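Data first, discussion second: the structure below is written as structure tokens.
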Number of protein chains: 2
Amino acid sequence: MSNRRDAVHAVLRQSEGFRSAQDVYAEMRAEGAKIGLTTVYRALQALADTGHVDVLRTDDGESVYRACASGDHHHHLVCRTCGRTVEVAGPAVERWAEAIGSEHGFTEITHTVEVFGTCAVCSTAARPARTPSRA
Amino acid sequence: MSNRRDAVHAVLRQSEGFRSAQDVYAEMRAEGAKIGLTTVYRALQALADTGHVDVLRTDDGESVYRACASGDHHHHLVCRTCGRTVEVAGPAVERWAEAIGSEHGFTEITHTVEVFGTCAVCSTAARPARTPSRA
DNA sequence: ATGATTTTGACAACCATTTTCATTTGCGCG
DNA sequence: CGCGCAAATGAAAATGGTTGTCAAAATCAT
């Protein structure tokens, strides 16, 4: 039944960071799974709707998904090089958003917060290619 | 030369909230301006690159632009009904993002923060959404 | 089994955005 | 002026992720 959906979910679970639909589809096909792109999209949407995975948009408008450990509201710290993602909580930010909103007479406040950076591994690996001037 | 670019910029200045490229293009054509969609896109990109306008992505992946009053780093409080936008500063959030990042060994931290809500006007006039942004 | 219902997936349709490329425009210079 | 070059422009075609279509296949209930 939701056999396919579970398969999709499984792929996400095995992933470190966010994956795109096309990405997941490609991997599944590469592993020999018989599944259509349409189904992957539908599974991903369903999973997102039921809150089983988190979604966000990349800078170029692509939707990327991730199976998160916590079902609670949280944000992400994403390495812009390797994509590794850390789930972070930010009570302070939640309160700030609420405060800012009501301060301006807004209700039903929601917010999107994502933090990007270069993780320790990637920053040491990709050091500034400066010519060793031996000085 | 940047005659078109200025024209595009002008349209954004007159707008209350974020506008899409197609949107801006439509308005300009409606006003009789002779301009191509391609040029609008290019102008918007250029404006964004030079930091003259802010860009963000809607939930459905469309890019929307806004001429912001402040050139400094700031975030937005956007009414999800009428689109009215308030520029807000959030020193606390900036510090939080930095802290979270370095706490996990990440460097070159950047972040995206957007707050959505229903503004006072729209929440009282809880009726089938009509855009009153036009006086 | 048999028909009903849901799921699937190949393929076409969408649509914002980008690319292509030929034409126009701005402009310095002889 | 007129010539030519280079940047700007825009119509049309290409791109590419995502969604819609619809008939075939899997699943279920009786």
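Letters for chains follow the order of the structure tokens (A, B, ...), residue numbers begin at 1 for each chain, and ligand numbers begin at 1 in the order shown.
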
**Request:** Step one, run DSSP on the backbone; step two, keep only residues of segment 3-132 of chain A assigned to strand (DSSP E); then write them as a VMD selection string.
**Result:** chain A and resid 19 to 20 54 to 57 63 to 66 75 to 79 85 to 88 107 to 118

If you count only C-alpha atoms (C1' of nucleotides), which residues fall within 12 Å of DC28 of chain D, apart from same-chain ones fewer than 6 positions away, as a CSV table (one decimal) with C-alpha atoms (C1' of nucleotides), in the first residue's frame?
```csv
chain,number,residue,atom,x,y,z
A,1,MET,CA,0.0,0.0,0.0
C,2,DT,C1',-16.0,-9.8,-9.5
C,3,DG,C1',-16.6,-5.4,-9.3
C,4,DA,C1',-15.2,-1.3,-6.6
C,5,DT,C1',-11.5,1.6,-4.9
C,6,DT,C1',-7.0,3.1,-4.4
```

Output as an mmCIF file with N, CA and C atoms (P, O5', C5', C4', C3', O3' and C1' of nucleotides), in the first residue's frame the set of chain C residues within 10 Å of chain B, with distances taken over only C-alpha atoms (C1' of nucleotides).
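Resulting contents of selection27.cif:
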```cif
data_model
loop_
_atom_site.group_PDB
_atom_site.id
_atom_site.type_symbol
_atom_site.label_atom_id
_atom_site.label_comp_id
_atom_site.auth_asym_id
_atom_site.auth_seq_id
_atom_site.Cartn_x
_atom_site.Cartn_y
_atom_site.Cartn_z
ATOM 1 P P DA C 16 3.771 31.667 -13.812
ATOM 2 O "O5'" DA C 16 5.142 32.114 -13.118
ATOM 3 C "C5'" DA C 16 5.484 31.503 -11.878
ATOM 4 C "C4'" DA C 16 6.969 31.235 -11.847
ATOM 5 C "C3'" DA C 16 7.837 32.470 -12.068
ATOM 6 O "O3'" DA C 16 8.907 32.427 -11.146
ATOM 7 C "C1'" DA C 16 8.393 30.805 -13.667
ATOM 8 P P DT C 17 9.883 33.688 -11.013
ATOM 9 O "O5'" DT C 17 11.107 33.249 -11.943
ATOM 10 C "C5'" DT C 17 11.760 32.036 -11.666
ATOM 11 C "C4'" DT C 17 12.715 31.670 -12.774
ATOM 12 C "C3'" DT C 17 13.675 32.795 -13.210
ATOM 13 O "O3'" DT C 17 14.997 32.332 -12.965
ATOM 14 C "C1'" DT C 17 12.805 31.618 -15.078
ATOM 15 P P DT C 18 16.239 33.233 -13.343
ATOM 16 O "O5'" DT C 18 16.749 32.568 -14.710
ATOM 17 C "C5'" DT C 18 16.716 31.174 -14.829
ATOM 18 C "C4'" DT C 18 17.292 30.738 -16.158
ATOM 19 C "C3'" DT C 18 18.473 31.575 -16.658
ATOM 20 O "O3'" DT C 18 19.478 30.676 -17.061
ATOM 21 C "C1'" DT C 18 16.762 31.462 -18.318
ATOM 22 P P DT C 25 15.622 51.734 -31.493
ATOM 23 O "O5'" DT C 25 16.781 52.041 -30.446
ATOM 24 C "C5'" DT C 25 16.768 51.381 -29.172
ATOM 25 C "C4'" DT C 25 17.975 51.828 -28.363
ATOM 26 C "C3'" DT C 25 18.324 53.305 -28.548
ATOM 27 O "O3'" DT C 25 18.511 53.901 -27.278
ATOM 28 C "C1'" DT C 25 20.240 51.952 -28.942
ATOM 29 P P DG C 26 18.888 55.466 -27.202
ATOM 30 O "O5'" DG C 26 20.395 55.370 -26.692
ATOM 31 C "C5'" DG C 26 20.718 54.474 -25.610
ATOM 32 C "C4'" DG C 26 22.204 54.581 -25.304
ATOM 33 C "C3'" DG C 26 22.728 56.011 -25.289
ATOM 34 O "O3'" DG C 26 23.716 56.104 -24.269
ATOM 35 C "C1'" DG C 26 23.853 54.777 -26.974
#
```

I want to know what sits within 7 Å of Gly83 of chain A, based on only C-alpha atoms (C1' of nucleotides), with residues of the same chain fewer than 5 positions away left out; could you give that as a compact mmCIF listing (two decimals) with N, CA and C atoms, in the first residue's frame?
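What ended up in out33.txt:
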```txt
# COMPACT_ATOMS: atom_id res chain seq x y z
N GLY A 17 21.47 15.01 5.21
CA GLY A 17 20.86 16.33 5.09
C GLY A 17 19.59 16.33 4.27
N PHE A 18 19.28 17.45 3.67
CA PHE A 18 18.08 17.57 2.86
C PHE A 18 18.30 17.00 1.47
N VAL A 78 22.41 24.26 8.56
CA VAL A 78 22.83 23.47 7.41
C VAL A 78 24.20 23.87 6.88
```

So that each row is one residue of chain B with an atom at most 9 Å from chain A, can you give its shortest atom pair and the distance in Å to one decimal, using only C-alpha atoms, rows by chain and rising number, as CSV?
```
residue,atom,partner,partner_atom,distance
B:Leu56,CA,A:Asp59,CA,8.9
B:Arg57,CA,A:Gly61,CA,7.4
B:Asp59,CA,A:Arg57,CA,8.1
B:Asp60,CA,A:Gly61,CA,8.4
B:Gly61,CA,A:Gly61,CA,5.0
B:Glu62,CA,A:Gly61,CA,7.4
B:Ser63,CA,A:Gly61,CA,8.3
B:Leu77,CA,A:Gly101,CA,7.0
B:Val78,CA,A:Phe106,CA,8.9
B:Cys79,CA,A:Phe106,CA,7.5
B:Val86,CA,A:His104,CA,8.3
B:Val88,CA,A:Ile100,CA,7.8
B:Gly90,CA,A:Trp96,CA,8.0
B:Ala92,CA,A:Val93,CA,7.8
B:Val93,CA,A:Val93,CA,6.1
B:Trp96,CA,A:Val93,CA,7.7
B:Ala97,CA,A:Val115,CA,6.5
B:Glu98,CA,A:Val115,CA,8.8
B:Ile100,CA,A:Val88,CA,7.8
B:Gly101,CA,A:Gly117,CA,7.0
B:His104,CA,A:Cys119,CA,7.7
B:Gly105,CA,A:Ala120,CA,5.2
B:Phe106,CA,A:Cys119,CA,4.2
B:Thr107,CA,A:Thr118,CA,5.1
B:Glu108,CA,A:Gly117,CA,5.2
B:Ile109,CA,A:Gly117,CA,4.4
B:Thr110,CA,A:Phe116,CA,5.2
B:His111,CA,A:Val115,CA,4.3
B:Thr112,CA,A:Glu114,CA,5.4
B:Val113,CA,A:Val113,CA,4.5
B:Glu114,CA,A:Thr112,CA,5.4
B:Val115,CA,A:His111,CA,4.3
B:Phe116,CA,A:Thr110,CA,5.2
B:Gly117,CA,A:Ile109,CA,4.4
B:Thr118,CA,A:Phe106,CA,5.1
B:Cys119,CA,A:Phe106,CA,4.2
B:Ala120,CA,A:Gly105,CA,5.2
B:Val121,CA,A:Gly105,CA,8.7
B:Ser123,CA,A:Thr107,CA,7.5
```

Could you give me, as JSON lines, a per-residue list for chain D showing, wherever an atom lies at most 8 Å from an atom of chain B, the closest pair of atoms and their distance in Å to one decimal, using only C-alpha atoms (C1' of nucleotides) and sorting by chain then residue number from low to high?
```
{"residue": "D:DA8", "atom": "C1'", "partner": "B:Met1", "partner_atom": "CA", "distance": 7.0}
{"residue": "D:DT9", "atom": "C1'", "partner": "B:Thr39", "partner_atom": "CA", "distance": 6.8}
{"residue": "D:DG10", "atom": "C1'", "partner": "B:Gly36", "partner_atom": "CA", "distance": 5.2}
```

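Going from atom CA of Ala67 of chain A to atom CA of Val53 of chain A covers 4.5 Å.
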
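Fitted onto chain B by least squares over the complete set of C-alpha atoms, chain A shows an RMSD of 6.1 Å.
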
**Asked** Near DA23 of chain D, within 12 Å and counting only C-alpha atoms (C1' of nucleotides), which residues show up once chain neighbours fewer than 4 positions away are dropped, as a ChimeraX atom specification?
**Response** /C:8-11

Can you write just those residues out, C-alpha atoms (C1' of nucleotides), as a short mmCIF file (atom, residue, chain, number, x, y, z; two decimals), in the first residue's frame?
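Output (again-v7.cif):
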```
data_model
loop_
_atom_site.label_atom_id
_atom_site.label_comp_id
_atom_site.auth_asym_id
_atom_site.auth_seq_id
_atom_site.Cartn_x
_atom_site.Cartn_y
_atom_site.Cartn_z
"C1'" DT C 8 0.96 3.79 -9.45
"C1'" DG C 9 3.61 5.69 -13.22
"C1'" DA C 10 4.51 7.04 -18.19
"C1'" DC C 11 3.82 11.05 -20.32
#
```

**Message:** Quick check for you: according to DSSP on this backbone, which residues of chain A are classed as helix (DSSP H, G or I)? Reply as a count of residues only.
**Reply:** 53

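The two atoms in question, atom C1' of DG4 of chain D and atom CA of Asp6 of chain B, are spaced 28.0 Å apart.
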
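Across D:DA26, D:DT18, D:DC3, D:DA12, the tightest approach to Asn3 of chain A is made by D:DA26 when counting only C-alpha atoms (C1' of nucleotides).
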
**Asked** Which distance in Å separates atom CA of Val8 of chain B and atom CA of Asp49 of chain B, to one decimal?
**Response** 14.4 Å
